[in-house]
file input_0.cif (mmCIF, C-alpha atoms)
data_work
loop_
_atom_site.label_atom_id
_atom_site.label_comp_id
_atom_site.auth_asym_id
_atom_site.auth_seq_id
_atom_site.Cartn_x
_atom_site.Cartn_y
_atom_site.Cartn_z
CA MET A 1 -41.82 -52.35 -23.06
CA ARG A 2 -39.92 -49.88 -25.15
CA THR A 3 -42.95 -47.57 -25.43
CA LEU A 4 -43.49 -47.89 -21.74
CA SER A 5 -40.04 -46.64 -20.87
CA ILE A 6 -40.37 -43.79 -23.33
CA THR A 7 -43.63 -42.81 -21.71
CA ALA A 8 -42.01 -43.06 -18.31
CA ALA A 9 -39.13 -40.91 -19.47
CA LEU A 10 -41.50 -38.37 -20.90
CA VAL A 11 -43.49 -38.24 -17.69
CA CYS A 12 -40.24 -37.78 -15.82
CA LEU A 13 -39.15 -34.98 -18.13
CA ALA A 14 -42.47 -33.23 -17.82
CA PHE A 15 -42.24 -33.52 -14.07
CA LEU A 16 -38.73 -32.08 -14.03
CA ALA A 17 -39.81 -29.24 -16.26
CA THR A 18 -42.65 -28.25 -13.96
CA ALA A 19 -40.49 -28.62 -10.87
CA ASN A 20 -37.93 -26.33 -12.45
CA ALA A 21 -40.52 -23.80 -13.46
CA GLU A 22 -41.89 -23.72 -9.92
CA GLU A 23 -38.47 -23.06 -8.48
CA LYS A 24 -37.74 -20.31 -10.94
CA LEU A 25 -40.99 -18.65 -10.10
CA SER A 26 -40.55 -18.44 -6.40
CA MET A 27 -36.85 -17.61 -6.16
CA SER A 28 -33.68 -17.46 -8.26
CA GLU A 29 -30.81 -19.82 -7.41
CA ALA A 30 -28.81 -16.96 -5.88
CA ASP A 31 -31.80 -15.86 -3.82
CA LYS A 32 -32.35 -19.40 -2.62
CA LYS A 33 -28.77 -19.67 -1.49
CA MET A 34 -29.04 -16.38 0.34
CA TYR A 35 -32.30 -17.51 1.95
CA ALA A 36 -30.66 -20.71 3.22
CA GLU A 37 -27.76 -18.70 4.63
CA LEU A 38 -30.13 -16.31 6.34
CA LEU A 39 -31.96 -19.23 7.92
CA GLU A 40 -28.61 -20.37 9.32
CA SER A 41 -27.81 -17.02 10.82
CA ASN A 42 -30.76 -14.69 10.84
CA PRO A 43 -29.59 -11.04 11.17
CA ALA A 44 -32.85 -10.24 12.95
CA GLU A 45 -31.76 -12.40 15.94
CA MET A 46 -29.47 -9.55 16.89
CA GLU A 47 -32.31 -7.05 16.77
CA VAL A 48 -34.43 -9.29 18.98
CA ALA A 49 -31.51 -9.46 21.45
CA GLU A 50 -31.31 -5.66 21.38
CA GLY A 51 -35.06 -5.61 21.94
CA GLU A 52 -34.63 -7.78 25.01
CA GLN A 53 -32.13 -5.33 26.44
CA LEU A 54 -34.25 -2.27 25.66
CA PHE A 55 -37.31 -3.97 27.13
CA GLY A 56 -35.39 -4.89 30.28
CA GLU A 57 -34.31 -1.28 30.79
CA LEU A 58 -37.71 0.21 30.07
CA ILE A 59 -40.06 -2.30 31.71
CA GLY A 60 -38.82 -5.79 32.62
CA SER A 61 -40.90 -8.98 32.44
CA ALA A 62 -42.04 -8.82 36.05
CA ASN A 63 -43.52 -5.33 35.66
CA TYR A 64 -44.91 -6.25 32.26
CA ALA A 65 -46.71 -9.30 33.66
CA LYS A 66 -48.02 -7.23 36.56
CA MET A 67 -49.41 -4.57 34.25
CA LEU A 68 -51.16 -7.27 32.20
CA GLY A 69 -52.47 -8.91 35.35
CA VAL A 70 -50.88 -12.32 34.72
CA LYS A 71 -48.17 -14.38 36.42
CA GLU A 72 -44.73 -13.98 34.90
CA LYS A 73 -44.50 -17.69 34.14
CA ASP A 74 -47.75 -17.49 32.19
CA LEU A 75 -46.48 -14.78 29.85
CA PRO A 76 -45.66 -17.10 26.91
CA LYS A 77 -49.20 -18.50 26.83
CA TYR A 78 -50.77 -15.08 27.32
CA ILE A 79 -48.64 -13.42 24.62
CA ALA A 80 -49.58 -16.17 22.15
CA GLY A 81 -53.18 -14.97 22.37
CA PHE A 82 -52.65 -11.41 21.08
CA PRO A 83 -54.23 -9.22 19.83
CA ARG A 84 -56.65 -9.41 22.76
CA TYR A 85 -58.93 -7.25 24.87
CA VAL A 86 -57.11 -5.76 27.85
CA GLU A 87 -59.23 -4.20 30.56
CA SER A 88 -56.88 -1.33 31.44
CA ALA A 89 -56.66 -0.42 27.74
CA LYS A 90 -60.45 -0.57 27.39
CA LYS A 91 -59.98 -2.08 23.95
CA VAL A 92 -58.35 -4.78 21.86
CA VAL A 93 -54.64 -4.07 21.65
CA THR A 94 -51.50 -5.36 19.94
CA LEU A 95 -48.32 -6.36 21.78
CA ALA A 96 -46.70 -3.08 20.73
CA GLN A 97 -49.53 -1.15 22.36
CA THR A 98 -49.11 -3.13 25.59
CA ILE A 99 -45.47 -2.06 25.59
CA GLN A 100 -46.67 1.54 25.45
CA MET A 101 -49.01 0.86 28.37
CA ALA A 102 -46.33 -0.87 30.43
CA ALA A 103 -43.84 1.95 29.82
CA ALA A 104 -46.41 4.50 31.02
CA ALA A 105 -47.31 2.36 34.06
CA ASN A 106 -43.60 2.24 34.82
CA GLU A 107 -43.43 6.03 34.51
CA LYS A 108 -41.04 5.84 31.60
CA PRO A 109 -41.29 7.67 28.26
CA VAL A 110 -43.70 5.90 25.92
CA PRO A 111 -41.97 4.70 22.72
CA LYS A 112 -43.70 5.53 19.43
CA LEU A 113 -45.12 2.65 17.41
CA GLU A 114 -43.05 3.66 14.39
CA SER A 115 -39.77 3.78 16.33
CA LYS A 116 -36.91 1.32 15.74
CA GLU A 117 -36.88 0.57 19.47
CA MET A 118 -40.53 -0.46 19.37
CA VAL A 119 -39.96 -2.82 16.44
CA LYS A 120 -37.14 -4.49 18.35
CA MET A 121 -39.00 -4.63 21.67
CA SER A 122 -42.23 -5.97 20.18
CA ALA A 123 -40.23 -8.63 18.32
CA TYR A 124 -38.62 -9.63 21.60
CA VAL A 125 -41.92 -9.72 23.47
CA LYS A 126 -43.47 -11.86 20.76
CA SER A 127 -40.45 -14.19 20.87
CA ILE A 128 -41.25 -14.91 24.54
CA ALA A 129 -44.09 -16.99 23.07
CA ASN A 130 -41.83 -18.97 20.72
CA GLY A 131 -42.86 -22.63 20.69
CA GLN A 132 -46.44 -21.76 21.64
CA LYS A 133 -49.25 -21.87 19.12
CA THR A 134 -51.12 -18.72 18.08
CA SER A 135 -54.21 -18.87 20.27
CA ILE A 136 -56.21 -15.75 19.48
CA ASP A 137 -59.85 -16.04 20.62
CA VAL A 138 -62.06 -13.93 18.38
CA LYS A 139 -65.16 -14.99 20.28
CA ALA A 140 -63.77 -14.21 23.75
CA ASN A 141 -65.94 -11.10 24.23
CA LYS A 142 -67.90 -8.54 22.28
CA HIS A 143 -64.80 -6.40 21.71
CA MET A 144 -63.02 -9.25 19.96
CA GLN A 145 -66.13 -10.12 17.97
CA GLU A 146 -66.42 -6.52 16.80
CA MET A 147 -62.75 -6.34 15.83
CA MET A 148 -62.95 -9.62 13.93
CA LYS A 149 -65.91 -8.29 11.99
CA LEU A 150 -64.21 -4.97 11.29
CA GLY A 151 -61.03 -6.79 10.26
CA GLN A 152 -62.90 -8.84 7.70
CA GLU A 153 -64.55 -5.68 6.35
CA VAL A 154 -61.24 -3.88 6.00
CA PHE A 155 -59.70 -6.99 4.41
CA GLU A 156 -62.46 -7.22 1.83
CA GLU A 157 -62.99 -3.56 1.05
CA ARG A 158 -61.92 -2.59 -2.45
CA ARG A 159 -60.30 0.82 -2.39
CA GLY A 160 -57.34 2.91 -3.48
CA GLY A 161 -55.78 3.71 -6.84
CA ARG A 162 -56.50 0.32 -8.42
CA GLY A 163 -59.69 -0.57 -6.58
CA LEU A 164 -58.15 -3.67 -5.00
CA SER A 165 -58.80 -5.30 -1.63
CA CYS A 166 -56.52 -7.60 0.37
CA ASN A 167 -58.97 -10.32 -0.51
CA ASN A 168 -58.42 -9.80 -4.25
CA CYS A 169 -54.95 -11.29 -3.81
CA HIS A 170 -55.35 -13.42 -0.68
CA SER A 171 -58.77 -15.06 -1.03
CA SER A 172 -58.83 -18.85 -0.99
CA ASP A 173 -59.59 -19.13 -4.71
CA ILE A 174 -56.62 -16.95 -5.65
CA VAL A 175 -53.82 -18.19 -3.40
CA GLY A 176 -51.18 -20.22 -5.19
CA GLN A 177 -51.70 -18.25 -8.39
CA ARG A 178 -49.13 -15.75 -9.53
CA LEU A 179 -49.02 -12.00 -9.48
CA ARG A 180 -46.23 -11.47 -12.00
CA MET A 181 -43.67 -14.07 -10.88
CA GLN A 182 -44.82 -13.92 -7.27
CA PRO A 183 -46.91 -16.82 -5.92
CA LEU A 184 -49.72 -15.44 -3.75
CA PRO A 185 -49.39 -16.82 -0.22
CA ASP A 186 -52.26 -18.31 1.75
CA LEU A 187 -51.89 -16.21 4.89
CA GLY A 188 -53.21 -18.98 7.13
CA ALA A 189 -51.35 -21.96 5.69
CA LYS A 190 -48.80 -23.82 7.82
CA GLU A 191 -45.92 -22.88 5.53
CA THR A 192 -46.85 -19.17 5.65
CA ALA A 193 -48.22 -19.03 9.20
CA ALA A 194 -48.33 -15.27 8.79
CA ALA A 195 -49.16 -14.38 12.39
CA GLY A 196 -46.66 -16.80 13.94
CA THR A 197 -43.70 -15.76 11.82
CA TRP A 198 -43.63 -11.98 12.03
CA PRO A 199 -41.62 -9.93 12.93
CA ALA A 200 -39.39 -11.41 10.26
CA TYR A 201 -36.22 -10.52 8.43
CA ARG A 202 -37.25 -9.50 4.89
CA MET A 203 -34.52 -10.60 2.55
CA THR A 204 -35.61 -8.21 -0.21
CA GLN A 205 -35.39 -5.28 2.20
CA SER A 206 -32.49 -6.34 4.41
CA GLN A 207 -34.37 -5.44 7.56
CA MET A 208 -36.70 -6.77 10.20
CA VAL A 209 -40.36 -5.98 9.55
CA THR A 210 -43.43 -6.41 11.77
CA LEU A 211 -46.73 -7.92 10.61
CA ASP A 212 -48.39 -4.50 10.63
CA LYS A 213 -45.59 -3.05 8.51
CA ARG A 214 -45.82 -6.02 6.15
CA MET A 215 -49.51 -5.35 5.68
CA GLN A 216 -48.77 -1.67 5.05
CA GLN A 217 -46.24 -2.72 2.41
CA CYS A 218 -48.96 -4.68 0.59
CA MET A 219 -51.16 -1.58 0.75
CA LYS A 220 -48.42 0.59 -0.67
CA ASN A 221 -47.62 -1.83 -3.51
CA ALA A 222 -51.25 -2.19 -4.49
CA LEU A 223 -51.92 1.59 -4.22
CA LEU A 224 -54.17 1.37 -1.16
CA ALA A 225 -53.76 4.24 1.32
CA GLU A 226 -51.69 3.01 4.25
CA ILE A 227 -53.73 2.52 7.43
CA PRO A 228 -51.70 4.06 10.29
CA LEU A 229 -50.13 1.84 12.97
CA GLY A 230 -52.18 1.62 16.14
CA SER A 231 -55.46 2.63 14.49
CA LYS A 232 -58.53 0.53 15.18
CA GLU A 233 -58.55 -0.64 11.56
CA ILE A 234 -54.98 -1.94 11.48
CA VAL A 235 -55.47 -3.70 14.83
CA ALA A 236 -58.64 -5.24 13.36
CA LEU A 237 -56.67 -6.42 10.30
CA GLU A 238 -54.11 -7.97 12.63
CA VAL A 239 -56.93 -9.75 14.49
CA TYR A 240 -58.38 -11.05 11.23
CA VAL A 241 -55.06 -12.19 9.74
CA THR A 242 -53.92 -13.71 13.05
CA ASN A 243 -57.12 -15.69 13.29
CA LYS A 244 -56.46 -17.22 9.86
CA THR A 245 -53.27 -18.62 11.28
CA LYS A 246 -54.65 -19.80 14.61
CA GLY A 247 -52.97 -22.94 15.93
CA ASN A 248 -49.75 -22.46 13.96
CA ASN A 249 -46.44 -22.34 15.80
CA ILE A 250 -44.91 -19.07 16.86
CA SER A 251 -41.33 -18.79 15.69
CA VAL A 252 -39.91 -15.30 15.76
CA PRO A 253 -37.98 -13.84 14.04
CA SER A 254 -38.35 -15.81 10.83
CA VAL A 255 -36.93 -15.11 7.38
CA LYS A 256 -39.17 -13.98 4.54
CA ARG A 257 -38.50 -13.20 0.96
CA MET B 258 -73.93 8.25 49.40
CA ARG B 259 -74.00 5.45 46.88
CA LYS B 260 -72.86 7.93 44.23
CA VAL B 261 -69.87 8.96 46.29
CA ILE B 262 -68.69 5.39 46.67
CA MET B 263 -69.10 4.77 42.96
CA LEU B 264 -67.11 7.88 42.22
CA GLY B 265 -64.44 6.75 44.59
CA ILE B 266 -64.14 3.42 42.81
CA ALA B 267 -64.07 5.20 39.49
CA THR B 268 -61.08 7.33 40.45
CA PHE B 269 -59.34 4.32 41.88
CA LEU B 270 -59.79 2.44 38.63
CA GLY B 271 -58.85 5.62 36.82
CA ALA B 272 -55.33 5.25 38.14
CA ALA B 273 -55.00 1.97 36.25
CA ASP B 274 -56.59 3.38 33.11
CA LEU B 275 -53.87 3.21 30.50
CA SER B 276 -56.13 3.77 27.50
CA GLN B 277 -54.88 7.32 27.02
CA VAL B 278 -51.22 6.42 26.56
CA ILE B 279 -51.83 4.05 23.65
CA GLU B 280 -51.13 5.44 20.22
CA SER B 281 -54.39 4.98 18.38
CA PRO B 282 -54.80 7.37 15.44
CA ASP B 283 -58.16 7.72 13.71
CA ALA B 284 -58.06 6.18 10.22
CA THR B 285 -61.64 7.05 9.25
CA ALA B 286 -60.73 10.05 7.10
CA ILE B 287 -57.97 8.14 5.29
CA LEU B 288 -60.30 5.26 4.46
CA LYS B 289 -63.12 7.55 3.41
CA LYS B 290 -60.88 9.38 0.99
CA ASP B 291 -59.62 6.05 -0.35
CA ALA B 292 -63.10 4.58 -0.94
CA LEU B 293 -64.20 3.43 -4.36
CA PRO B 294 -67.28 4.83 -6.12
CA ALA B 295 -70.15 2.36 -6.65
CA ALA B 296 -69.87 0.00 -9.62
CA LYS B 297 -70.85 1.78 -12.80
CA ALA B 298 -71.95 0.76 -16.29
CA TYR B 299 -70.02 2.38 -19.14
CA LYS B 300 -70.77 2.73 -22.80
CA MET B 301 -67.78 2.56 -25.07
CA PRO B 302 -67.36 5.94 -26.86
CA ASP B 303 -67.66 6.13 -30.68
CA GLY B 304 -64.47 5.33 -32.56
CA CYS B 305 -62.95 3.73 -29.46
CA VAL B 306 -61.40 0.68 -31.11
CA THR B 307 -58.93 1.50 -33.83
CA ASP B 308 -56.10 -0.09 -35.80
CA ASP B 309 -54.09 3.11 -35.46
CA ALA B 310 -50.49 2.07 -34.66
CA GLY B 311 -50.09 4.89 -32.13
CA ALA B 312 -53.12 3.81 -30.11
CA ILE B 313 -52.00 0.18 -30.14
CA ALA B 314 -48.49 1.17 -29.02
CA ARG B 315 -49.94 3.13 -26.10
CA GLY B 316 -52.22 0.23 -25.15
CA GLN B 317 -49.25 -2.13 -25.23
CA TYR B 318 -47.23 0.21 -23.05
CA ILE B 319 -50.03 0.61 -20.48
CA PHE B 320 -50.55 -3.17 -20.43
CA HIS B 321 -46.93 -4.08 -19.73
CA ASN B 322 -45.82 -1.31 -17.35
CA LEU B 323 -46.56 -0.62 -13.68
CA ASN B 324 -45.82 3.09 -13.47
CA GLY B 325 -43.75 5.93 -14.90
CA LYS B 326 -41.03 5.55 -12.32
CA ASP B 327 -40.30 1.85 -12.94
CA ALA B 328 -40.82 1.73 -16.72
CA LYS B 329 -37.60 0.84 -18.52
CA GLU B 330 -38.47 2.27 -21.92
CA ASN B 331 -39.80 5.73 -22.57
CA PRO B 332 -43.53 5.88 -23.26
CA PRO B 333 -44.80 6.27 -26.84
CA GLU B 334 -46.26 9.57 -28.04
CA GLY B 335 -49.39 10.57 -26.15
CA LEU B 336 -48.31 9.06 -22.82
CA SER B 337 -45.99 10.44 -20.21
CA ARG B 338 -44.17 9.15 -17.13
CA LYS B 339 -45.55 11.92 -14.95
CA LEU B 340 -48.96 13.41 -14.30
CA ALA B 341 -49.60 17.15 -14.59
CA ASP B 342 -49.17 17.50 -10.81
CA GLY B 343 -45.69 15.95 -10.98
CA LYS B 344 -46.68 12.59 -9.50
CA ASP B 345 -45.69 9.34 -11.24
CA LYS B 346 -48.26 8.17 -13.75
CA GLN B 347 -49.67 4.75 -12.87
CA PHE B 348 -50.07 2.38 -15.80
CA GLY B 349 -52.18 -0.80 -16.04
CA ASN B 350 -49.68 -3.47 -15.02
CA CYS B 351 -52.13 -5.89 -16.63
CA VAL B 352 -49.26 -8.32 -17.19
CA ALA B 353 -49.14 -8.90 -13.43
CA CYS B 354 -52.27 -11.00 -13.86
CA HIS B 355 -52.61 -11.77 -17.62
CA ASN B 356 -50.52 -13.47 -20.24
CA ILE B 357 -50.57 -11.99 -23.77
CA GLU B 358 -48.30 -12.13 -26.83
CA GLY B 359 -44.73 -11.22 -25.84
CA ALA B 360 -45.48 -10.95 -22.10
CA LYS B 361 -42.49 -11.30 -19.79
CA GLY B 362 -42.90 -12.54 -16.22
CA TYR B 363 -46.67 -12.55 -16.47
CA GLY B 364 -49.01 -13.71 -13.71
CA ASN B 365 -52.01 -16.01 -14.00
CA ILE B 366 -54.65 -14.53 -11.70
CA GLY B 367 -56.65 -13.43 -14.73
CA PRO B 368 -57.35 -15.32 -17.98
CA ASP B 369 -54.76 -15.60 -20.75
CA LEU B 370 -55.47 -12.88 -23.32
CA THR B 371 -53.30 -14.36 -26.09
CA LYS B 372 -55.02 -14.52 -29.53
CA TYR B 373 -57.98 -12.80 -27.97
CA LYS B 374 -59.57 -11.61 -31.21
CA GLU B 375 -59.26 -14.95 -32.96
CA LEU B 376 -60.43 -17.05 -30.02
CA TYR B 377 -63.09 -14.92 -28.37
CA MET B 378 -64.20 -12.07 -30.61
CA ASP B 379 -64.39 -13.71 -34.03
CA SER B 380 -66.50 -16.46 -32.49
CA GLY B 381 -68.82 -13.86 -30.99
CA VAL B 382 -68.37 -14.86 -27.32
CA ARG B 383 -66.92 -11.47 -26.54
CA ASN B 384 -67.04 -7.99 -28.03
CA ALA B 385 -65.27 -4.67 -27.59
CA GLN B 386 -68.01 -3.20 -25.40
CA PHE B 387 -67.65 -6.13 -22.97
CA MET B 388 -63.92 -5.54 -22.79
CA TYR B 389 -64.32 -1.78 -22.37
CA GLN B 390 -66.61 -2.36 -19.40
CA LYS B 391 -64.33 -5.04 -17.93
CA ILE B 392 -61.33 -2.70 -17.94
CA ALA B 393 -63.29 0.39 -16.88
CA ASP B 394 -65.05 -1.33 -13.96
CA PRO B 395 -64.92 -5.14 -13.73
CA ARG B 396 -67.33 -5.21 -10.79
CA MET B 397 -70.28 -4.57 -13.08
CA ASP B 398 -70.66 -8.08 -14.48
CA ASN B 399 -68.66 -9.79 -11.74
CA PRO B 400 -68.93 -8.22 -8.27
CA LYS B 401 -66.31 -10.64 -6.93
CA SER B 402 -63.82 -9.99 -9.71
CA ALA B 403 -60.21 -9.90 -8.51
CA MET B 404 -59.38 -7.50 -11.32
CA THR B 405 -58.34 -3.88 -10.87
CA VAL B 406 -60.75 -0.97 -11.43
CA ASN B 407 -59.32 1.43 -14.00
CA LEU B 408 -61.80 4.08 -15.15
CA ALA B 409 -64.37 4.36 -12.35
CA ASN B 410 -61.62 5.48 -9.95
CA GLY B 411 -59.83 7.82 -12.35
CA LEU B 412 -56.71 5.68 -12.71
CA MET B 413 -57.10 5.98 -16.48
CA ASN B 414 -59.07 8.14 -18.86
CA GLU B 415 -61.48 6.99 -21.61
CA ARG B 416 -58.87 7.16 -24.30
CA GLU B 417 -56.44 5.01 -22.35
CA VAL B 418 -59.10 2.34 -21.85
CA CYS B 419 -59.75 2.50 -25.62
CA ASP B 420 -56.00 2.18 -26.28
CA LEU B 421 -56.02 -1.02 -24.19
CA VAL B 422 -59.03 -2.46 -26.01
CA SER B 423 -57.38 -1.63 -29.36
CA TYR B 424 -54.17 -3.35 -28.27
CA ILE B 425 -55.78 -6.53 -26.89
CA THR B 426 -58.06 -6.94 -29.90
CA ALA B 427 -55.31 -6.21 -32.46
CA VAL B 428 -53.98 -9.16 -34.42
CA LYS B 429 -50.37 -9.58 -33.29
CA LYS B 430 -47.40 -10.91 -35.24
#
call {"tool": "encode", "arguments": {"input": "input_0.cif", "output": "structure tokens"}}
result
Amino acid sequence: MRTLSITAALVCLAFLATANAEEKLSMSEADKKMYAELLESNPAEMEVAEGEQLFGELIGSANYAKMLGVKEKDLPKYIAGFPRYVESAKKVVTLAQTIQMAAAANEKPVPKLESKEMVKMSAYVKSIANGQKTSIDVKANKHMQEMMKLGQEVFEERRGGRGLSCNNCHSSDIVGQRLRMQPLPDLGAKETAAAGTWPAYRMTQSQMVTLDKRMQQCMKNALLAEIPLGSKEIVALEVYVTNKTKGNNISVPSVKR
Amino acid sequence: MRKVIMLGIATFLGAADLSQVIESPDATAILKKDALPAAKAYKMPDGCVTDDAGAIARGQYIFHNLNGKDAKENPPEGLSRKLADGKDKQFGNCVACHNIEGAKGYGNIGPDLTKYKELYMDSGVRNAQFMYQKIADPRMDNPKSAMTVNLANGLMNEREVCDLVSYITAVKK
């Protein structure tokens, strides 16, 4: 009896110790508090609201739907399926690129992909699909199939100053392990849901960041040359990463570390 | 006649062609420049592994630091924070993936290198040449290795790889 309770206590202690270690690894107490506060009032909500206004002035949902060739009420479903092949673009495009197309169709100046306005507008457009599930179809046509294949190649190609690939840190046998104190996220897992949760407010950077930018930040940290926004290769990466997350809820903007 | 109609349709569709307004830079040159040379076998140079305190100190510094900009302490003699062209020198940041004696905030993607000599070299499972190759180009004996490439891509020079081997194989207090 006595030994039993000691064993139980020891098991308990061991459990507490590991639980504590886990917490320490992912975030400090202060960071956790800040994260909880940010979830309560996400500063990026304001940027999405600004995006809505900018988008309304530049394009408007009715014109946007018309340019895409869908009914306005079907926009949420349609947006949840990006990146996708769009006939008038003659290629697979991201939401940000459709904003460029719609601005041009509306005879307005075309915002640059790197611009603050574009980050806000694309976050707003993505948020139209909030509550939907990411529904990318990488088999829809040969364009999507090609981009999926290219995306996987880019994801797995070792390059740059340290000869690393995205896969070196995000492959299924590595996720959950630690790079320094940083647990490596499974990009497709429900709790990460990478494609459904960006644009997100990055706590460590105090700003809203898009998925493409987030991928560029990984490249920069790991000494891979940054693939420019809008290029075929970064769109392909977005296709590949989004497909990992297919079926997860869209909830934009979220909060990330 | 048929041609004319086709042309007519083409111009009509042309009006809805928005492909030219999309920003879509070509990344081919960037990726080509960033490519890695093919995996290569290396032979450890003569006199590579040493118990010279200076070499071990350099190896330790390369192991535990990311780059010259972020390093808290100044590098030991024979290493510098900057490259000749003024850019920040990149170090090994091995601690991001490996534990070793005295490591702070280490990761666990790679194996624990604590007591390496005692556990793996004295028993004959591993030797210095194996380690030299692993650090220089880990793809050689493990094409799927998640480890960084250090010599094949010019991140380090031969001596720096030797400094690392000397440090990891040294008996630590």
call {"tool": "interface_residues", "arguments": {"input": "input_0.cif", "of": "chain B", "to": "chain A", "cutoff": "8 Å", "atoms": "only C-alpha atoms", "output": "VMD selection string"}}
result
chain B and resid 273 to 284 287 to 288 291 to 293 352 to 354 362 to 366 402 to 407 410 to 412
call {"tool": "residues_near_point", "arguments": {"input": "input_0.cif", "point": "(-65.6, -7.5, 21.4)", "cutoff": "12 Å", "atoms": "only C-alpha atoms", "output": "list in words"}}
result
Pro83, Arg84, Tyr85, Val86, Glu87, Lys90, Lys91, Val92, Val93, Asp137, Val138, Lys139, Ala140, Asn141, Lys142, His143, Met144, Gln145, Glu146, Met147, Met148, Lys149, Leu150, Ala236 and Val239 of chain A
call {"tool": "atom_distance", "arguments": {"input": "input_0.cif", "atom1": "atom CA of Gly311 of chain B", "atom2": "atom CA of Tyr424 of chain B"}}
result
10.0 Å
call {"tool": "atom_distance", "arguments": {"input": "input_0.cif", "atom1": "atom CA of Glu29 of chain A", "atom2": "atom CA of Thr371 of chain B"}}
result
29.7 Å
call {"tool": "residues_around", "arguments": {"input": "input_0.cif", "residues": "Leu323 of chain B", "least_positions_apart": "4", "cutoff": "9 Å", "atoms": "all atoms listed in the file", "output": "number ranges by chain"}}
result
B: 319, 327-328, 346-353
call {"tool": "atom_distance", "arguments": {"input": "input_0.cif", "atom1": "atom CA of Ala312 of chain B", "atom2": "atom CA of Glu415 of chain B"}}
result
12.3 Å
call {"tool": "residues_around", "arguments": {"input": "input_0.cif", "residues": "Leu58 of chain A", "least_positions_apart": "3", "cutoff": "8 Å", "atoms": "all atoms listed in the file", "output": "list of chain:residue names"}}
result
A:Leu54, A:Phe55, A:Ala103, A:Asn106, A:Lys108
call {"tool": "resolve_selection", "arguments": {"input": "input_0.cif", "expression": "the PyMOL selection byres ((chain A and resi 215) around 10)", "output": "JSON, numbers by chain"}}
result
{"A": [166, 209, 210, 211, 212, 213, 214, 216, 217, 218, 219, 220, 226, 227, 234, 237, 238, 241]}
call {"tool": "write_last_selection", "arguments": {"input": "input_0.cif", "atoms": "C-alpha atoms", "output": "compact mmCIF listing (two decimals), in the coordinates of the input"}}
result
# COMPACT_ATOMS: atom_id res chain seq x y z
CA CYS A 166 -56.52 -7.60 0.37
CA VAL A 209 -40.36 -5.98 9.55
CA THR A 210 -43.43 -6.41 11.77
CA LEU A 211 -46.73 -7.92 10.61
CA ASP A 212 -48.39 -4.50 10.63
CA LYS A 213 -45.59 -3.05 8.51
CA ARG A 214 -45.82 -6.02 6.15
CA GLN A 216 -48.77 -1.67 5.05
CA GLN A 217 -46.24 -2.72 2.41
CA CYS A 218 -48.96 -4.68 0.59
CA MET A 219 -51.16 -1.58 0.75
CA LYS A 220 -48.42 0.59 -0.67
CA GLU A 226 -51.69 3.01 4.25
CA ILE A 227 -53.73 2.52 7.43
CA ILE A 234 -54.98 -1.94 11.48
CA LEU A 237 -56.67 -6.42 10.30
CA GLU A 238 -54.11 -7.97 12.63
CA VAL A 241 -55.06 -12.19 9.74
call {"tool": "resolve_selection", "arguments": {"input": "input_0.cif", "expression": "the PyMOL selection byres ((chain A and resi 202) around 10)", "output": "MDAnalysis selection string"}}
result
chainID A and resid 35 38 44 198:201 203:210 214 254:257
call {"tool": "closest_residue", "arguments": {"input": "input_0.cif", "among": "A:Pro109, A:Thr94, A:Met46, A:Glu153", "to": "Thr242 of chain A", "atoms": "all atoms listed in the file"}}
result
A:Thr94
call {"tool": "closest_residue", "arguments": {"input": "input_0.cif", "among": "A:Asn221, A:Ser41, A:Ser251, A:Gln53", "to": "Ser127 of chain A", "atoms": "all atoms listed in the file"}}
result
A:Ser251
call {"tool": "resolve_selection", "arguments": {"input": "input_0.cif", "expression": "the PyMOL selection byres ((chain B and resi 427) around 9)", "output": "number ranges by chain"}}
result
B: 307-308, 313, 372-374, 422-426, 428-429
call {"tool": "closest_residue", "arguments": {"input": "input_0.cif", "among": "B:Ala360, B:Tyr389, B:Met397, B:Asp369", "to": "Asn414 of chain B", "atoms": "only C-alpha atoms"}}
result
B:Tyr389
